[in-house]
file upload25.pdb (PDB, C-alpha atoms)
ATOM      1  CA  MET A   1       3.488 -84.670 -15.387
ATOM      2  CA  THR A   2       5.797 -87.084 -13.537
ATOM      3  CA  ASN A   3       5.634 -90.872 -13.844
ATOM      4  CA  GLN A   4       4.272 -91.010 -10.287
ATOM      5  CA  SER A   5       1.455 -88.630 -11.189
ATOM      6  CA  ILE A   6       0.634 -90.648 -14.298
ATOM      7  CA  ALA A   7       0.466 -93.837 -12.226
ATOM      8  CA  LEU A   8      -1.826 -92.120  -9.773
ATOM      9  CA  GLN A   9      -4.174 -90.951 -12.514
ATOM     10  CA  GLN A  10      -4.332 -94.487 -13.907
ATOM     11  CA  ASN A  11      -5.644 -95.641 -10.555
ATOM     12  CA  VAL A  12      -8.674 -93.337 -10.887
ATOM     13  CA  SER A  13     -10.498 -95.982 -12.918
ATOM     14  CA  MET A  14     -10.200 -98.520 -10.078
ATOM     15  CA  ALA A  15     -13.319 -97.050  -8.351
ATOM     16  CA  LEU A  16     -11.884 -97.447  -4.877
ATOM     17  CA  VAL A  17     -14.226 -95.051  -3.087
ATOM     18  CA  HIS A  18     -16.448 -98.001  -2.086
ATOM     19  CA  PRO A  19     -14.621-100.964  -0.446
ATOM     20  CA  GLY A  20     -17.155-103.422  -1.880
ATOM     21  CA  ALA A  21     -15.928-102.648  -5.385
ATOM     22  CA  MET A  22     -12.816-104.759  -4.682
ATOM     23  CA  GLY A  23     -14.709-107.867  -3.549
ATOM     24  CA  THR A  24     -13.159-108.153  -0.064
ATOM     25  CA  ILE A  25     -11.976-105.629   2.477
ATOM     26  CA  GLU A  26      -8.492-107.173   2.379
ATOM     27  CA  ALA A  27      -8.258-106.702  -1.398
ATOM     28  CA  TYR A  28      -9.423-103.108  -1.050
ATOM     29  CA  ILE A  29      -6.844-102.272   1.632
ATOM     30  CA  SER A  30      -4.107-103.930  -0.407
ATOM     31  CA  ALA A  31      -5.060-101.898  -3.490
ATOM     32  CA  VAL A  32      -5.233 -98.670  -1.474
ATOM     33  CA  ASN A  33      -1.773 -99.198  -0.044
ATOM     34  CA  ARG A  34      -0.352 -99.546  -3.556
ATOM     35  CA  ILE A  35      -1.522 -96.087  -4.600
ATOM     36  CA  PRO A  36       1.449 -93.676  -4.648
ATOM     37  CA  VAL A  37       1.641 -90.967  -2.017
ATOM     38  CA  LEU A  38       1.742 -87.440  -3.400
ATOM     39  CA  THR A  39       4.746 -85.227  -2.894
ATOM     40  CA  PRO A  40       4.067 -81.732  -1.528
ATOM     41  CA  GLU A  41       4.607 -80.323  -5.044
ATOM     42  CA  GLN A  42       2.143 -82.768  -6.626
ATOM     43  CA  GLU A  43      -0.437 -82.112  -3.942
ATOM     44  CA  ARG A  44      -0.109 -78.360  -4.455
ATOM     45  CA  ASP A  45      -0.431 -78.783  -8.219
ATOM     46  CA  PHE A  46      -3.622 -80.866  -7.946
ATOM     47  CA  ALA A  47      -5.094 -78.553  -5.290
ATOM     48  CA  GLU A  48      -4.526 -75.505  -7.511
ATOM     49  CA  LYS A  49      -6.202 -77.207 -10.474
ATOM     50  CA  LEU A  50      -9.192 -78.126  -8.330
ATOM     51  CA  GLN A  51      -9.458 -74.733  -6.680
ATOM     52  CA  LYS A  52      -9.001 -72.613  -9.823
ATOM     53  CA  ASP A  53     -10.459 -74.802 -12.573
ATOM     54  CA  GLY A  54     -12.737 -77.233 -10.748
ATOM     55  CA  ASP A  55     -10.671 -80.083 -12.233
ATOM     56  CA  LEU A  56     -12.394 -83.330 -11.185
ATOM     57  CA  ASP A  57      -9.399 -85.449 -12.178
ATOM     58  CA  ALA A  58      -7.327 -83.430  -9.718
ATOM     59  CA  ALA A  59      -9.960 -84.051  -7.022
ATOM     60  CA  ARG A  60      -9.877 -87.792  -7.725
ATOM     61  CA  ALA A  61      -6.091 -87.807  -7.503
ATOM     62  CA  LEU A  62      -6.184 -86.080  -4.112
ATOM     63  CA  ILE A  63      -8.843 -88.500  -2.839
ATOM     64  CA  LEU A  64      -7.151 -91.656  -4.106
ATOM     65  CA  SER A  65      -3.782 -90.731  -2.635
ATOM     66  CA  HIS A  66      -5.351 -90.335   0.825
ATOM     67  CA  LEU A  67      -7.529 -93.461   0.940
ATOM     68  CA  ARG A  68      -4.882 -95.197   3.030
ATOM     69  CA  LEU A  69      -5.375 -92.453   5.639
ATOM     70  CA  VAL A  70      -9.056 -93.387   5.894
ATOM     71  CA  VAL A  71      -8.156 -97.053   6.355
ATOM     72  CA  SER A  72      -5.741 -96.145   9.147
ATOM     73  CA  ILE A  73      -8.227 -93.910  10.966
ATOM     74  CA  SER A  74     -11.113 -96.372  10.592
ATOM     75  CA  ARG A  75      -9.141 -99.043  12.475
ATOM     76  CA  GLN A  76      -9.448 -96.891  15.596
ATOM     77  CA  TYR A  77     -13.230 -97.485  15.588
ATOM     78  CA  LEU A  78     -13.352-101.265  15.219
ATOM     79  CA  GLY A  79     -14.543-101.761  18.808
ATOM     80  CA  TYR A  80     -18.076-100.529  18.147
ATOM     81  CA  GLY A  81     -19.380-103.655  16.416
ATOM     82  CA  ILE A  82     -19.670-101.981  12.993
ATOM     83  CA  ALA A  83     -18.188-103.565   9.869
ATOM     84  CA  HIS A  84     -14.780-102.229   8.877
ATOM     85  CA  ALA A  85     -15.972-101.726   5.299
ATOM     86  CA  ASP A  86     -18.810 -99.480   6.512
ATOM     87  CA  LEU A  87     -16.419 -97.405   8.605
ATOM     88  CA  ILE A  88     -14.098 -96.987   5.622
ATOM     89  CA  GLN A  89     -16.964 -96.033   3.358
ATOM     90  CA  GLU A  90     -18.112 -93.304   5.752
ATOM     91  CA  GLY A  91     -14.529 -92.138   6.238
ATOM     92  CA  ASN A  92     -14.165 -91.838   2.468
ATOM     93  CA  ILE A  93     -17.196 -89.555   2.438
ATOM     94  CA  GLY A  94     -15.463 -87.389   5.031
ATOM     95  CA  LEU A  95     -12.306 -87.392   2.885
ATOM     96  CA  MET A  96     -14.250 -86.204  -0.154
ATOM     97  CA  LYS A  97     -15.787 -83.395   1.900
ATOM     98  CA  ALA A  98     -12.304 -82.411   3.070
ATOM     99  CA  VAL A  99     -10.945 -82.338  -0.489
ATOM    100  CA  LYS A 100     -13.868 -80.174  -1.569
ATOM    101  CA  ARG A 101     -13.122 -77.639   1.187
ATOM    102  CA  PHE A 102      -9.310 -77.822   1.061
ATOM    103  CA  ASN A 103      -7.583 -74.537   0.328
ATOM    104  CA  LEU A 104      -3.863 -73.935  -0.039
ATOM    105  CA  SER A 105      -4.267 -70.750   1.989
ATOM    106  CA  HIS A 106      -4.779 -72.933   5.073
ATOM    107  CA  GLY A 107      -1.039 -73.485   5.097
ATOM    108  CA  VAL A 108      -1.275 -77.198   5.976
ATOM    109  CA  ARG A 109      -1.025 -80.455   4.063
ATOM    110  CA  LEU A 110      -4.272 -82.155   3.051
ATOM    111  CA  VAL A 111      -3.528 -85.064   5.379
ATOM    112  CA  SER A 112      -3.732 -82.752   8.417
ATOM    113  CA  PHE A 113      -6.838 -80.997   7.144
ATOM    114  CA  ALA A 114      -8.670 -84.220   6.244
ATOM    115  CA  VAL A 115      -8.265 -85.980   9.599
ATOM    116  CA  HIS A 116     -11.009 -83.896  11.202
ATOM    117  CA  TRP A 117     -13.499 -84.505   8.398
ATOM    118  CA  ILE A 118     -12.824 -88.235   8.258
ATOM    119  CA  LYS A 119     -13.242 -88.688  12.015
ATOM    120  CA  ALA A 120     -16.340 -86.489  12.105
ATOM    121  CA  GLU A 121     -18.077 -88.555   9.428
ATOM    122  CA  ILE A 122     -17.198 -91.866  11.101
ATOM    123  CA  ASN A 123     -18.275 -90.546  14.509
ATOM    124  CA  GLU A 124     -21.633 -89.439  13.137
ATOM    125  CA  TYR A 125     -22.172 -92.816  11.446
ATOM    126  CA  ILE A 126     -21.435 -94.720  14.651
ATOM    127  CA  ILE A 127     -23.799 -92.516  16.651
ATOM    128  CA  ARG A 128     -26.578 -93.109  14.096
ATOM    129  CA  ASN A 129     -26.127 -96.857  13.816
ATOM    130  CA  TRP A 130     -24.732 -98.168  17.097
ATOM    131  CA  ARG A 131     -28.194 -98.357  18.652
ATOM    132  CA  LEU A 132     -31.732 -98.207  17.312
ATOM    133  CA  VAL A 133     -32.311 -95.560  19.984
ATOM    134  CA  LYS A 134     -29.758 -92.751  19.940
ATOM    135  CA  VAL A 135     -27.340 -92.911  22.871
ATOM    136  CA  ALA A 136     -25.780 -89.492  22.380
ATOM    137  CA  THR A 137     -27.415 -86.353  21.064
ATOM    138  CA  THR A 138     -25.638 -83.402  22.688
ATOM    139  CA  LYS A 139     -21.994 -82.422  22.228
ATOM    140  CA  ALA A 140     -21.184 -83.439  25.806
ATOM    141  CA  GLN A 141     -22.841 -86.842  25.343
ATOM    142  CA  ARG A 142     -20.895 -87.468  22.125
ATOM    143  CA  LYS A 143     -17.680 -86.646  23.930
ATOM    144  CA  LEU A 144     -18.603 -89.104  26.652
ATOM    145  CA  PHE A 145     -19.611 -91.785  24.163
ATOM    146  CA  PHE A 146     -16.266 -91.860  22.361
ATOM    147  CA  ASN A 147     -14.087 -91.472  25.454
ATOM    148  CA  LEU A 148     -15.818 -93.571  28.081
ATOM    149  CA  ARG A 149     -15.246 -96.898  26.291
ATOM    150  CA  SER A 150     -11.482 -96.434  26.319
ATOM    151  CA  MET A 151     -11.415 -95.009  29.845
ATOM    152  CA  ARG A 152     -13.307 -97.879  31.461
ATOM    153  CA  PRO A 153     -10.749-100.364  32.865
ATOM    154  CA  ASP A 154     -11.195-103.619  30.926
ATOM    155  CA  GLY A 155     -14.778-102.618  30.169
ATOM    156  CA  GLN A 156     -15.753-103.244  33.799
ATOM    157  CA  THR A 157     -18.494-101.413  35.679
ATOM    158  CA  LEU A 158     -17.219 -98.182  37.174
ATOM    159  CA  ASP A 159     -17.316 -97.472  40.884
ATOM    160  CA  ARG A 160     -18.134 -94.036  42.320
ATOM    161  CA  GLU A 161     -14.505 -92.953  42.567
ATOM    162  CA  GLN A 162     -13.790 -93.919  38.940
ATOM    163  CA  ILE A 163     -16.918 -92.114  37.742
ATOM    164  CA  GLU A 164     -15.874 -88.925  39.511
ATOM    165  CA  GLY A 165     -12.339 -89.203  38.116
ATOM    166  CA  ILE A 166     -13.578 -89.580  34.537
ATOM    167  CA  ALA A 167     -16.060 -86.744  35.000
ATOM    168  CA  GLN A 168     -13.246 -84.462  36.154
ATOM    169  CA  LYS A 169     -11.017 -85.393  33.199
ATOM    170  CA  LEU A 170     -13.780 -84.826  30.649
ATOM    171  CA  ASN A 171     -15.217 -81.785  32.437
ATOM    172  CA  VAL A 172     -18.720 -83.244  32.717
ATOM    173  CA  ARG A 173     -21.011 -84.123  35.608
ATOM    174  CA  PRO A 174     -20.562 -87.496  37.364
ATOM    175  CA  GLU A 175     -24.275 -88.103  36.767
ATOM    176  CA  ASP A 176     -23.676 -87.835  33.016
ATOM    177  CA  VAL A 177     -20.870 -90.387  33.188
ATOM    178  CA  ALA A 178     -23.043 -92.830  35.147
ATOM    179  CA  GLU A 179     -25.941 -92.406  32.709
ATOM    180  CA  MET A 180     -23.745 -92.957  29.649
ATOM    181  CA  GLU A 181     -22.231 -96.061  31.229
ATOM    182  CA  VAL A 182     -25.731 -97.519  31.570
ATOM    183  CA  ARG A 183     -26.461 -96.704  27.928
ATOM    184  CA  LEU A 184     -23.229 -98.287  26.737
ATOM    185  CA  SER A 185     -23.918-101.416  28.784
ATOM    186  CA  GLY A 186     -27.351-101.875  27.248
ATOM    187  CA  ARG A 187     -28.115-103.776  24.080
ATOM    188  CA  ASP A 188     -30.803-103.816  21.435
ATOM    189  CA  MET A 189     -33.501-106.436  21.848
ATOM    190  CA  ALA A 190     -35.768-107.746  19.125
ATOM    191  CA  LEU A 191     -39.439-107.028  19.771
ATOM    192  CA  GLU A 192     -40.506-110.313  18.198
ATOM    193  CA  SER A 193     -38.806-113.682  18.353
ATOM    194  CA  SER A 194     -36.654-114.714  15.412
ATOM    195  CA  GLN A 195     -37.548-118.359  16.038
ATOM    196  CA  ASP A 196     -40.579-120.278  14.836
ATOM    197  CA  ASP A 197     -41.121-121.841  18.255
ATOM    198  CA  GLU A 198     -44.575-120.749  19.476
ATOM    199  CA  ASP A 199     -43.435-121.221  23.084
ATOM    200  CA  ASP A 200     -40.553-118.759  22.683
ATOM    201  CA  PHE A 201     -41.206-115.785  24.975
ATOM    202  CA  ALA A 202     -40.401-112.450  23.317
ATOM    203  CA  PRO A 203     -41.066-108.842  24.488
ATOM    204  CA  ILE A 204     -44.069-108.535  22.162
ATOM    205  CA  ALA A 205     -45.863-110.996  24.450
ATOM    206  CA  TYR A 206     -45.711-108.764  27.513
ATOM    207  CA  LEU A 207     -45.457-105.236  26.090
ATOM    208  CA  SER A 208     -48.957-105.170  24.629
ATOM    209  CA  ASP A 209     -51.294-102.645  26.241
ATOM    210  CA  GLU A 210     -54.425-104.465  27.330
ATOM    211  CA  GLY A 211     -56.273-101.262  28.114
ATOM    212  CA  ALA A 212     -59.337 -99.895  26.397
ATOM    213  CA  LEU A 213     -57.222 -97.850  23.985
ATOM    214  CA  GLU A 214     -55.145-100.812  22.789
ATOM    215  CA  PRO A 215     -55.386-100.936  18.948
ATOM    216  CA  GLY A 216     -56.723-104.483  18.901
ATOM    217  CA  HIS A 217     -59.548-103.542  21.256
ATOM    218  CA  LEU A 218     -60.399-100.469  19.223
ATOM    219  CA  LEU A 219     -60.549-102.471  16.001
ATOM    220  CA  ALA A 220     -62.703-105.112  17.652
ATOM    221  CA  GLN A 221     -65.097-102.448  18.945
ATOM    222  CA  ARG A 222     -65.335-100.848  15.520
ATOM    223  CA  ASN A 223     -66.092-104.180  13.860
ATOM    224  CA  ARG A 224     -68.769-104.924  16.441
ATOM    225  CA  LEU A 225     -70.472-101.578  15.902
ATOM    226  CA  GLU A 226     -70.388-101.981  12.136
ATOM    227  CA  LEU A 227     -71.998-105.400  12.329
ATOM    228  CA  GLN A 228     -74.706-104.501  14.849
ATOM    229  CA  THR A 229     -76.740-102.435  12.398
ATOM    230  CA  ASP A 230     -79.991-102.838  10.516
ATOM    231  CA  GLY A 231     -79.829-105.504   7.864
ATOM    232  CA  ILE A 232     -77.285-107.629   9.759
ATOM    233  CA  ALA A 233     -79.487-110.683   9.602
ATOM    234  CA  ASN A 234     -79.815-110.424   5.828
ATOM    235  CA  ALA A 235     -76.078-109.943   5.461
ATOM    236  CA  LEU A 236     -75.386-113.030   7.557
ATOM    237  CA  GLU A 237     -77.606-115.081   5.281
ATOM    238  CA  LYS A 238     -75.215-114.379   2.424
ATOM    239  CA  LEU A 239     -72.416-116.218   4.204
ATOM    240  CA  ASP A 240     -71.632-119.933   4.286
ATOM    241  CA  ASP A 241     -72.251-121.776   7.561
ATOM    242  CA  ARG A 242     -68.663-121.657   8.795
ATOM    243  CA  SER A 243     -68.182-117.959   8.051
ATOM    244  CA  ARG A 244     -71.529-117.105   9.674
ATOM    245  CA  HIS A 245     -70.677-119.104  12.786
ATOM    246  CA  ILE A 246     -67.280-117.392  13.090
ATOM    247  CA  ILE A 247     -68.805-113.923  12.776
ATOM    248  CA  GLU A 248     -71.565-114.688  15.283
ATOM    249  CA  SER A 249     -69.155-116.299  17.735
ATOM    250  CA  ARG A 250     -66.680-113.448  17.495
ATOM    251  CA  TRP A 251     -68.881-110.352  17.395
ATOM    252  CA  LEU A 252     -72.568-111.039  17.994
ATOM    253  CA  GLN A 253     -72.678-112.533  21.476
ATOM    254  CA  ASP A 254     -75.182-111.008  23.877
ATOM    255  CA  ASP A 255     -72.636-110.641  26.651
ATOM    256  CA  GLY A 256     -70.173-108.945  24.293
ATOM    257  CA  GLU A 257     -67.531-111.555  25.126
ATOM    258  CA  GLY A 258     -66.905-113.225  21.802
ATOM    259  CA  LYS A 259     -64.652-116.204  21.243
ATOM    260  CA  THR A 260     -60.987-115.673  20.456
ATOM    261  CA  LEU A 261     -59.371-116.627  17.164
ATOM    262  CA  GLN A 262     -57.545-119.445  18.909
ATOM    263  CA  GLU A 263     -60.736-120.881  20.405
ATOM    264  CA  LEU A 264     -62.365-120.985  16.980
ATOM    265  CA  ALA A 265     -59.179-122.403  15.477
ATOM    266  CA  ASN A 266     -59.306-125.265  17.955
ATOM    267  CA  GLU A 267     -62.975-125.791  17.158
ATOM    268  CA  TYR A 268     -62.387-126.103  13.413
ATOM    269  CA  GLY A 269     -58.963-127.733  13.569
ATOM    270  CA  VAL A 270     -57.193-124.939  11.660
ATOM    271  CA  SER A 271     -54.739-122.194  12.558
ATOM    272  CA  ALA A 272     -55.761-118.924  14.184
ATOM    273  CA  GLU A 273     -54.438-117.102  11.133
ATOM    274  CA  ARG A 274     -56.787-119.098   8.905
ATOM    275  CA  VAL A 275     -59.743-118.162  11.110
ATOM    276  CA  ARG A 276     -58.705-114.514  10.861
ATOM    277  CA  GLN A 277     -58.619-114.764   7.056
ATOM    278  CA  ILE A 278     -62.106-116.300   6.957
ATOM    279  CA  GLU A 279     -63.363-113.614   9.331
ATOM    280  CA  ASN A 280     -61.931-110.770   7.228
ATOM    281  CA  ALA A 281     -63.379-112.208   4.024
ATOM    282  CA  ALA A 282     -66.803-112.578   5.657
ATOM    283  CA  ILE A 283     -66.760-109.010   6.976
ATOM    284  CA  LYS A 284     -65.850-107.663   3.548
ATOM    285  CA  LYS A 285     -68.692-109.638   1.955
ATOM    286  CA  MET A 286     -71.197-108.388   4.535
ATOM    287  CA  ARG A 287     -70.000-104.813   4.186
ATOM    288  CA  LYS A 288     -70.485-104.912   0.416
ATOM    289  CA  PHE A 289     -74.014-106.267   0.912
ATOM    290  CA  LEU A 290     -74.876-103.531   3.431
ATOM    291  CA  GLU A 291     -73.414-100.832   1.163
ATOM    292  CA  ALA A 292     -75.501-102.142  -1.714
ATOM    293  CA  GLN A 293     -78.622-101.926   0.493
ATOM    294  CA  GLU A 294     -77.886 -98.320   1.387
ATOM    295  CA  ALA A 295     -77.315 -97.292  -2.243
TER
END

call {"tool": "encode", "arguments": {"input": "upload25.pdb", "output": "structure tokens"}}
result
Amino acid sequence: MTNQSIALQQNVSMALVHPGAMGTIEAYISAVNRIPVLTPEQERDFAEKLQKDGDLDAARALILSHLRLVVSISRQYLGYGIAHADLIQEGNIGLMKAVKRFNLSHGVRLVSFAVHWIKAEINEYIIRNWRLVKVATTKAQRKLFFNLRSMRPDGQTLDREQIEGIAQKLNVRPEDVAEMEVRLSGRDMALESSQDDEDDFAPIAYLSDEGALEPGHLLAQRNRLELQTDGIANALEKLDDRSRHIIESRWLQDDGEGKTLQELANEYGVSAERVRQIENAAIKKMRKFLEAQEA
């Protein structure tokens, strides 16, 4: 074995498959670039050992010598808002898949064979993680997703003529181009506010379904039906005054319009969450009493 091959094998212990193992992405890239590049003869020797004997050391040598290729390819995907380390990690997975499937009978160097697998793995990762809701599911949509960003002039909104031109180049419908542009221009929005400010207006405040099938209404109806049964008066007697008043105010009004948690919170000078806790504890206590009566 040549001195270059020995040096390469010594790098196996560096555990460079995961960028985080080096502390920083810069340290990882620097270490990767110091790994010797295999000569065609060395690559053939390692590939034969892997193919014929299943030699894992040979597989590691092939992977390590091509990590710099993953770093180079991953830089092409930095515009999608995903960490460079994550892109490299996924590209390394693609590289390992390529090494596993590499065969000398293909008649090409590993670097040419691995490019497809590295890009495919990174592409799939971006599609899965770029949005909470998938933006591209079909082959045509994926093609649009990865080409439209670079084909939009300065990221500006496309006019009709530009849409038709891109559609012709990519051999897709103009409607598909327009739809993908809308998807790419969108952004994820948090359902709830990340701030503690009670006045902060978040989507959760206006997306709730106030209809009869809204979960909160269904739970309230179920609680009311459970409480309006025989023995309710006796169960209420087992509660302290505050708990009994909360239960009666919330669920046992003749008009069926009980007070809200916030109204009772204002009445007692506590938070609505505290009222909810007292209410839940009271309901559990009453349910246990009613179950004991039925037994």

call {"tool": "resolve_selection", "arguments": {"input": "upload25.pdb", "expression": "the PyMOL selection byres ((chain A and resi 86) around 10)", "output": "list in words"}}
result
His18, Pro19, Gly20, Ser74, Ile82, Ala83, His84, Ala85, Leu87, Ile88, Gln89, Glu90, Gly91, Asn92, Ile122, Tyr125 and Ile126 of chain A

call {"tool": "closest_residue", "arguments": {"input": "upload25.pdb", "among": "A:Arg242, A:Arg68, A:Arg44, A:Lys52", "to": "Arg109 in chain A", "atoms": "all atoms listed in the file"}}
result
A:Arg44

call {"tool": "resolve_selection", "arguments": {"input": "upload25.pdb", "expression": "the PyMOL selection byres ((chain A and resi 72) around 12)", "output": "list of chain:residue names"}}
result
A:Ile29, A:Val32, A:Asn33, A:His66, A:Leu67, A:Arg68, A:Leu69, A:Val70, A:Val71, A:Ile73, A:Ser74, A:Arg75, A:Gln76, A:Tyr77, A:Leu78, A:His84, A:Leu87, A:Ile88, A:Gly91, A:Asn92, A:Val111, A:Val115, A:Ile118, A:Lys119

call {"tool": "residues_around", "arguments": {"input": "upload25.pdb", "residues": "Phe46 in chain A", "least_positions_apart": "4", "cutoff": "10 Å", "atoms": "all atoms listed in the file", "output": "PyMOL selection string"}}
result
chain A and resi 5+38+41-42+50-51+55-62

call {"tool": "atom_distance", "arguments": {"input": "upload25.pdb", "atom1": "CA of Ala282 in chain A", "atom2": "CA of Glu257 in chain A"}}
result
19.5 Å

call {"tool": "atom_distance", "arguments": {"input": "upload25.pdb", "atom1": "CA of Ser249 in chain A", "atom2": "CA of Ala292 in chain A"}}
result
24.9 Å

call {"tool": "atom_distance", "arguments": {"input": "upload25.pdb", "atom1": "CA of Val108 in chain A", "atom2": "CA of Leu144 in chain A"}}
result
29.5 Å

call {"tool": "closest_residue", "arguments": {"input": "upload25.pdb", "among": "A:Asp254, A:Gly107, A:Ile35, A:Ser243", "to": "Asn280 in chain A", "atoms": "only C-alpha atoms"}}
result
A:Ser243

call {"tool": "closest_residue", "arguments": {"input": "upload25.pdb", "among": "A:Arg160, A:His245, A:Lys100, A:Lys285", "to": "Tyr268 in chain A", "atoms": "only C-alpha atoms"}}
result
A:His245

call {"tool": "resolve_selection", "arguments": {"input": "upload25.pdb", "expression": "the PyMOL selection byres ((chain A and resi 278) around 12)", "output": "PyMOL selection string"}}
result
chain A and resi 239-247+250+261+264-265+268+270-277+279-285
